[in-house]
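Asker: Right, I'll just put the structure down here and ask away after.
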Amino acid sequence: MIDLIKKDPDISHYKDIWVFVEQTDGKAEHVSFELLTKARELASQRNCHVAAVSVGESVSHLAEDVFKYGAEKFYIIEDEVLKDYRTEPYRDAVSELVVKYKPEIFLIGATTQGRDLSGTVATVLRTGLTADTTKQDIDPETGFLWMTRPTFGGSLMATIFCPKHRPQMSTVRPGVFKAIPLDTQTNGEIIKEKIDFSEEDIVKKILKKVISSEGNVNLGFFDVIVSGGKGIGNKENFNMLRELADLLGGTWAGSRKAVELGYIPQTRQVGQTGQTVHPKLYIACGISGAIQHLVGMQTSEIIIAINTDKDAPIFNVSTYCIVEDALKFVPKLIEQLKSMQSIRRAL
Amino acid sequence: MSNLKYDVIVVGAGPAGLAAATVLAKAGVKVIVIERGRFAGSKNVMGGVFYSDCMKGIIDDFPGKAPVERHIIDQRIWLLDNNSFVGFNHKNELFNKKPYNCHTVFRAKFDNWFAKQAADAGALIITRTLAKEAIIENNRIVGITTGRPDGDIKADCVIIADGVNSLLAKSLGFRKEIKRESVALAVKEVIGLDEKIINDRFNVKSGEGVTIEVTGSFFNGEAMAFIYTNKKSISLGVGMVVEDLVKNKINPNDLLESFKAHPSVAPLINGGETKEYLAHLIPEGGYKEMPKLIGNGVMVVGDAAMMVDAIHREGSNLAVTSGKLAAETYIEAAKAGDFSKKSLSLYEEKLKESFVMKDLKKYKGVPALLQHNKRLLQQYPKILNNAAFEILNVNGVSKHDKEKLLWKNMKQQIGVSNLIRDLFKLWRNVG
Amino acid sequence: MHALVFIKQVPDASQVRVNYETGTLIREGVPAILNPFEVHAVEEAVKIRQKFGGKVTILTMGPPQAADALKECLSRGADKGYLLSDRIFAGSDTLATSYALYEGAKKIIELEGEVDFFFAGKQAIDGDTAQTGPGIATRFNVPLVTYLIKLDEINLEEKYVIATRLTEFGQETLKVPIPVFFTVEESLNTLSHSPLPWLIKAAQSKIEILSGENVDLDKNQCGLKNSPTIVKKAFTPEKKQRGATLTGTFDEVVNQAAEKVAPFLNDAL
Ligand SMILES: Cc1cc2nc3c(=O)[nH]c(=O)nc-3n(C[C@H](O)[C@H](O)[C@H](O)COP(=O)(O)OP(=O)(O)OC[C@H]3O[C@@H](n4cnc5c(N)ncnc54)[C@H](O)[C@@H]3O)c2cc1C
Ligand SMILES: Cc1cc2nc3c(=O)[nH]c(=O)nc-3n(C[C@H](O)[C@H](O)[C@H](O)COP(=O)(O)OP(=O)(O)OC[C@H]3O[C@@H](n4cnc5c(N)ncnc54)[C@H](O)[C@@H]3O)c2cc1C
Ligand SMILES: Nc1ncnc2c1ncn2[C@@H]1O[C@H](COP(=O)(O)O)[C@@H](O)[C@H]1O
């Protein structure tokens with residue numbers, strides 16, 4: 001682990017805004033570009049520069065995209081040891097760069113990996129970390145970063161800042177900010193660092209990786225989620241929700257009751273004890289809208305609910321309310337969408 | 001087989017069970033309390049006014065640190081018609097003297113606190129565990145089974161305090177399935193409001209409380225309703241005999257909503273926010289529906305024994321008292337080492353001498369009376385409201401003529417002989 | 001085998017209501033519960049003990065009432081509960097919390113022996129930060145396995161475990177030496193019904209209280225004053241309004257719905 005003696009305690013020495021560029025098998029996560037876009041806006045208020053940081057076996061090829069989204073510098077560490085994400089070597093590599101180059105603000109995507117990494121890096125750096133922020137502003141007076149995040153499962157918002165420690169770290173949920181590339185392609189500078197890693201020193205070994213389209217997904221990754229509850233009636237009926245999700249380029253999920261009844265795996269549960277999602281479109285079919293479910297999805301941009309009960313609480317957070325039998329409605333909707341799709345393709 | 005053995009098993013951590021457990025533990029008896037809820041009180045519901053007197057001999061210096069809301073200094077009764085009510089109230093500075101007569105309480109907090117007192121006295125409180133059946137050997141009860149692995153418990157004596165639905169009393173054949181006309185379903189809401197607003201609306205100071213008991217023709221059936229003040233909220237509810245709900249196809253939630261919307265009620269809760277919604281059964285059968293209270297190695301206390309005084313909406317104090325008496329009976333019986341039905345009949349004796357049986361007996365006719373005589377809760381309140389309006393509304397008709405008219409209406413609607421009969425019955429049953 | 005589980009008592013978030021007028025949470029009457037993820041952490045630790053012997057110790061930092069949550073863990077089969085409770089910890093953010101718990105855990109190691117398995121929940125349902133576990137693991141410098149969904153193999157002789165965790169796109173199986181730190185998902189196990197004697201033992205047991213004095217503390221890392229993050233303000237999000245109800249015949253409603261979702265139609269073949 002990094003030696004903290006090396007960390008500079010004088011906060012005035014910390015400058016610029018950094019974004020962690022998360023990658024899997026050399027492919028960058030979209031949230032990283034969302035954060036770079038946001039970082040540009042913050043940097044213009046703060047009058048500073050935007051930089052990206054990434055570590056992995058080979059990441060320099062990401063430079064083009066990283067610069068396209070506004071980074072002026074790209075700090076990287078490349079090493080075989082960093083091929084797959086593992087907490088400890090990633091933690092050490094990222095912390096090393098931060099200690100050496102002293103960013104003032106450090107943003108990380110609140111993905112599974114980002115949450116794992118940020119908690120350890122912040123502890124190594126002995127600085128504050130605000131998780132899952134949904135809003136960021138620079139205080140015009142102090143120049144501090146104001147980070148706003150939901151707590152109590154979304155019932156309460158808190159604005160948090162970190163006045164005396166640097167960098168000011170926060171994770172941001174995917175989909176909160178938009179990714180917009182620069183109009184003109186600019187070139188930045190790549191700064192490569194090295195750490196003396198040796199595989200023998202890394203105690204954690206990855207035996208197997210399973211990429212699954214079925215059970216385990218990060219629902220936060222999708223723009224469209226078609227979700228079902230007890231009202232869907234059985235496991236087979238979920239197939240129509242999958243079909244609808246496929247049509248809309250999204251994925252499927254459900255309520256805890258749907259999990260308990262064995263309709264869907266727990267890994268697809270939305271809500272307080274499942275995943276929190278903010279897709280652009282959330283379609284809730286046969287879900288009553290218990291508070292534990294609502295806290296996991298009520299910040300979705302558009303919510304369409306289909307429920308036979310006109311007073312179901314889910315309607316209180318819905319953009320469009322459809323009082324119908326989902327089992328009759330969804331097949332019709334699929335039919336209709338398919339015909340729209342074929343017309344579009346024909347045109 | 002399990003080898004868990006105690007002197008006494010108490011089933012149910014409500015007021016009845018906890019009173020019994022506290023008294024037993026203080027006397028050094030090895031007592032275990034089995035409660036199905038996540039904690040004592042977690043699922044328990046009450047209006048709720050808790051009377052202090054019954055805690056004598058159980059918790060010294062009650063209320064002390066007990067979580068009580070307001071002590072009641074003003075008790076009101078309303079006879080409600082569609083747009084109006086006739087009411088009377090009794091407010092008395094004497095109720096501001098310690099020890100206070102009664103307090104509003106939240107059962108979730110109150111029972112939890114009571115359980116801690118019992119535990120401090122030495123009782124073992126086991127939550128999240130369902131008592132299932134009595135274990136019977138040689139025609140006497142020697143323990144219970146629970147819903148857990150290795151869950152059998154043995155004891156000299158079992159005190160059944162599992163409330164209105166009493167699984168155990170039923171499984172022992174002590175009582176039959178409750179009749180629909182002997183039990184009321186109560187629905188209740190807790191509505192959050194500023195302390196100062198409550199003080200203003202009910203004309204009391206902080207700490208002082210008001211109860212309003214409501215009945216009348218408004219409910220279109222024999223419903224009772226209540227409005228009680230807590231520190232920063234109002235408890236309000238409606239109860240109706242299940243038989244009537246079913247017969248008249250009434251949805252209790254609708255009943256509660258229309259009660260809340262009544263022009264005399266709405267201003268009291270205006271601007272408040274519903275914090276809790278609860279539903280629970282109240283045994284209303286009273287004395288006549290009481291089950292067998294004792295058997296070899298077993299006593300039944302509280303709601304499980306149908307000990308509710310429906311007229312005065314008292315239950316928790318009867319529960320506490322019966323629990324205490326059962327505990328005292330055990331302590332006596334233990335001296336002789338005899339827990340047979342005969343020995344435990346002391347419990348029945350004690351109950352008879354206490355206010356519990358006296359009150360229950362006194363009002364034993366009331367539930368049936370109300371059930372069978374629609375006039376008492378339907379027509380009289382209407383007539384009274386009407387009369388009050390006529391008398392108070394100044395419209396040029398002389399008071400004398402008004403009274404004559406009212407009396408005529410009354411005679412037409414009810415008939416003189418009915419009126420006399422009703423008054424007589426009521427006097428015999430309640431007075 | 002010695003497992004140490006970090007648990008938190010939280011307000012049952014499902015029962016917390018918002019007062020939109022004052023912009024505050026109504027927490028009155030809201031019961032405190034054991035954070036749902038930790039229930040599974042305790043279950044797993046107890047399962048390991050049943051298989052290999054040893055003991056399960058629980059640690060929480062919180063007010064005196066948090067003892068109730070510890071008792072629940074004991075009734076689920078844990079052996080001993082420690083409550084780290086002191087005003088000096090009040091207002092800690094996650095960095096200060098992980099520091100306090102780290103020092104508390106060191107004390108427990110002193111009293112109860114070396115730890116093989118550290119467990120924490122994936123996240124607490126009140127704060128939802130998911131940082132405390134990783135923070136403690138980092139301070140101990142033991143390997144961290146977050147989002148644990150399965151313990152495939154435990155080998156105490158050769159001192160390693162094979163564990164499966166959730167990742168962004170699926171799952172991965174890791175081989176990690178002991179001691180190891182897990183944060184767990186609910187799907188890790190299904191809860192079993194504790195035998196009655198466990199509940200009785202729990203009700204009779206005493207919770208050990210650790211105050212700031214009992215623990216070797218650097219006071220400059222504790223509590224609100226020494227927490228790097230500061231809550232500037234808390235407010236309630238705007239209340240959502242019920243949206244439009246789509247009306248008309250069944251087919252008309254289908255058409256309207258199709259219009260609304262059409263922009264998302266997948267055009268790729
Ligand atoms: C500590 C705790 C944590 C929890 N965490 C979560 C969580 O993370 N996520 C979660 O979802 N829940 C969670 N819950 C459970 C939650 O309280 C609810 O029980 C659950 O969300 C209800 O699921 P549901 O809406 O599918 O089922 P129900 O509430 O039973 O609702 C089914 C709905 O389907 C409708 N319906 C029936 N048939 C049809 C039809 N043919 N067409 C259309 N509509 C129909 C009905 O009108 C009803 O509204 C948690 C609970 C607790 C205590
Ligand atoms: C709406 C309403 C308003 C009321 N208002 C008042 C009032 O203002 N004043 C008043 O004095 N009384 C009032 N009462 C009556 C009062 O609540 C009861 O009489 C009193 O609670 C009875 O106490 P108990 O201990 O006998 O039963 P309960 O309080 O019902 O306790 C029984 C306990 O046993 C547990 N239990 C049940 N079955 C099992 C099992 N199989 N295994 C383990 N545990 C079990 C339950 O979880 C519960 O904790 C009211 C009742 C209601 C419903
Ligand atoms: N005060 C605490 N005491 C013990 N464990 C805690 C405490 N706070 C958090 N934890 C543990 O850390 C996990 C993550 O919490 P959080 O970072 O608050 O989301 C929880 O699920 C607990 O296992």
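Following the order of the structure tokens, chains are lettered A, B, ..., residues in each are numbered from 1, and ligands are numbered from 1.
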Find the residues around Trp198 of chain C up to 7 Å (only C-alpha atoms counted), leave out those fewer than 5 positions away in its own chain, and share them as a list in words.

Answerer: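 Those residues are Ser75, Arg76 and Gly77 of chain C.
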
Asker: Select, as a list in words, those residues of chain C with any atom no more than 7 Å from chain B (distances computed using only C-alpha atoms).

Answerer: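 Only these qualify: His193, Ser194, Pro195, Leu196, Leu199, Ile200 and Ala203 of chain C.
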
Asker: Could you tell me which residues of chain A sit within 6 Å of chain C when counting only C-alpha atoms, and give me the result as JSON, numbers by chain?

Answerer: {"A": [112, 119, 120, 123, 128, 131, 151, 152, 156, 157, 158, 159, 160, 161, 162, 204, 205, 206, 207, 208, 209, 210, 211, 212, 216, 217, 218, 247, 248, 249, 291, 292, 315, 316, 317, 318, 319, 320, 321, 322, 333]}

Asker: Just give me the gap between atom CA of Phe259 of chain B and atom CA of His103 of chain B in Å, one decimal is fine.

Answerer: 23.8 Å

Asker: Residues within 8 Å of ligand 1 should be enumerated using only C-alpha atoms and all ligand atoms and returned as number ranges by chain.

Answerer: A: 228-233, 254-258, 269-275, 285-294, 296, 306-310, 312-314, 323-328; C: 12-14, 36

Asker: Could the residues that lie within 7 Å of ligand 2, counting only C-alpha atoms and all ligand atoms, be listed as a JSON list (two decimals) with C-alpha atoms, in the first residue's frame?

Answerer:
[["chain", "number", "residue", "atom", "x", "y", "z"],
["B", 11, "VAL", "CA", -47.42, -16.84, 25.92],
["B", 12, "GLY", "CA", -47.69, -13.31, 24.51],
["B", 13, "ALA", "CA", -45.85, -10.14, 25.48],
["B", 14, "GLY", "CA", -48.83, -7.79, 25.64],
["B", 15, "PRO", "CA", -49.86, -5.98, 28.83],
["B", 16, "ALA", "CA", -51.42, -9.13, 30.29],
["B", 17, "GLY", "CA", -48.42, -11.37, 29.71],
["B", 34, "ILE", "CA", -42.74, -16.25, 24.21],
["B", 35, "GLU", "CA", -43.72, -13.48, 21.76],
["B", 36, "ARG", "CA", -44.18, -13.89, 18.04],
["B", 37, "GLY", "CA", -43.52, -10.23, 17.11],
["B", 40, "ALA", "CA", -42.82, -6.77, 22.25],
["B", 41, "GLY", "CA", -45.44, -4.40, 20.92],
["B", 43, "LYS", "CA", -47.70, -5.58, 16.11],
["B", 44, "ASN", "CA", -49.86, -4.46, 18.97],
["B", 45, "VAL", "CA", -52.59, -1.93, 18.53],
["B", 46, "MET", "CA", -54.63, 0.08, 20.94],
["B", 47, "GLY", "CA", -56.51, 3.38, 20.87],
["B", 48, "GLY", "CA", -54.92, 3.78, 23.34],
["B", 49, "VAL", "CA", -55.59, 5.01, 26.80],
["B", 50, "PHE", "CA", -53.71, 3.24, 29.51],
["B", 51, "TYR", "CA", -54.95, 3.48, 33.11],
["B", 129, "THR", "CA", -41.08, -17.00, 18.16],
["B", 130, "LEU", "CA", -44.56, -18.38, 17.68],
["B", 131, "ALA", "CA", -46.13, -20.48, 20.42],
["B", 132, "LYS", "CA", -48.00, -23.23, 18.63],
["B", 161, "ALA", "CA", -51.84, -14.15, 27.18],
["B", 162, "ASP", "CA", -51.79, -14.31, 23.42],
["B", 163, "GLY", "CA", -54.57, -11.81, 22.80],
["B", 164, "VAL", "CA", -57.89, -11.79, 21.06],
["B", 165, "ASN", "CA", -57.15, -14.53, 18.55],
["B", 166, "SER", "CA", -55.71, -16.83, 21.19],
["B", 167, "LEU", "CA", -54.43, -19.76, 19.23],
["B", 168, "LEU", "CA", -53.65, -21.62, 22.42],
["B", 186, "ALA", "CA", -60.96, -1.58, 14.61],
["B", 187, "VAL", "CA", -59.01, 0.44, 12.10],
["B", 188, "LYS", "CA", -56.86, 3.23, 13.32],
["B", 237, "GLY", "CA", -60.09, 5.10, 14.70],
["B", 239, "GLY", "CA", -64.48, -0.01, 15.24],
["B", 280, "HIS", "CA", -56.89, -5.04, 15.00],
["B", 281, "LEU", "CA", -59.71, -7.02, 16.54],
["B", 282, "ILE", "CA", -61.36, -6.11, 19.84],
["B", 301, "VAL", "CA", -55.57, -13.82, 30.94],
["B", 302, "GLY", "CA", -56.35, -10.56, 29.15],
["B", 303, "ASP", "CA", -57.89, -10.40, 25.69],
["B", 304, "ALA", "CA", -57.33, -14.12, 25.28],
["B", 307, "MET", "CA", -61.69, -9.43, 29.16],
["B", 308, "VAL", "CA", -62.68, -6.20, 27.50],
["B", 313, "ARG", "CA", -63.21, 0.99, 26.08],
["B", 314, "GLU", "CA", -61.07, -0.54, 28.80],
["B", 315, "GLY", "CA", -58.99, -3.58, 28.05],
["B", 316, "SER", "CA", -55.35, -3.06, 28.82],
["B", 317, "ASN", "CA", -56.06, -2.45, 32.51],
["B", 318, "LEU", "CA", -58.15, -5.61, 32.72],
["B", 319, "ALA", "CA", -55.35, -7.40, 30.93]]

Asker: Could you give me, as a list in words, each residue of segment 72-212 of chain A that DSSP assigns to alpha helix (DSSP H) when run on this structure's backbone?

Answerer: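 Selection result, alpha helix (DSSP H) within segment 72-212 of chain A: Thr87, Glu88, Pro89, Tyr90, Arg91, Asp92, Ala93, Val94, Ser95, Glu96, Leu97, Val98, Val99, Lys100, Tyr101, Thr112, Gln113, Gly114, Arg115, Asp116, Leu117, Ser118, Gly119, Thr120, Val121, Ala122, Thr123, Val124 and Leu125 of chain A.
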
Asker: As an NGL selection string, which residues of segment 46-82 of chain C does DSSP assign to strand (DSSP E)?

Answerer: :C and (55-61 or 80-82)

Asker: State, in Å with one decimal place, the distance from atom CA of Ser170 of chain A to atom CA of Leu129 of chain A.

Answerer: 5.2 Å

Asker: Counting only C-alpha atoms, what is within 12 Å of Ile5 of chain A, bar same-chain residues fewer than 2 positions away, as number ranges by chain?

Answerer: A: 1-3, 7-9, 99-100, 124-126

Asker: Rank nothing, just name the residue among A:Lys15, A:Ile195, A:Ser118, A:Lys102 nearest to ligand 3, using only C-alpha atoms and all ligand atoms.

Answerer: A:Ser118

Asker: Considering only C-alpha atoms, return as an MDAnalysis selection string whatever protein or nucleic-acid residues lie within 7 Å of Gly207 of chain B, sequence-local ones (same chain, fewer than 4 positions apart) excluded.

Answerer: chainID B and resid 70:71 231
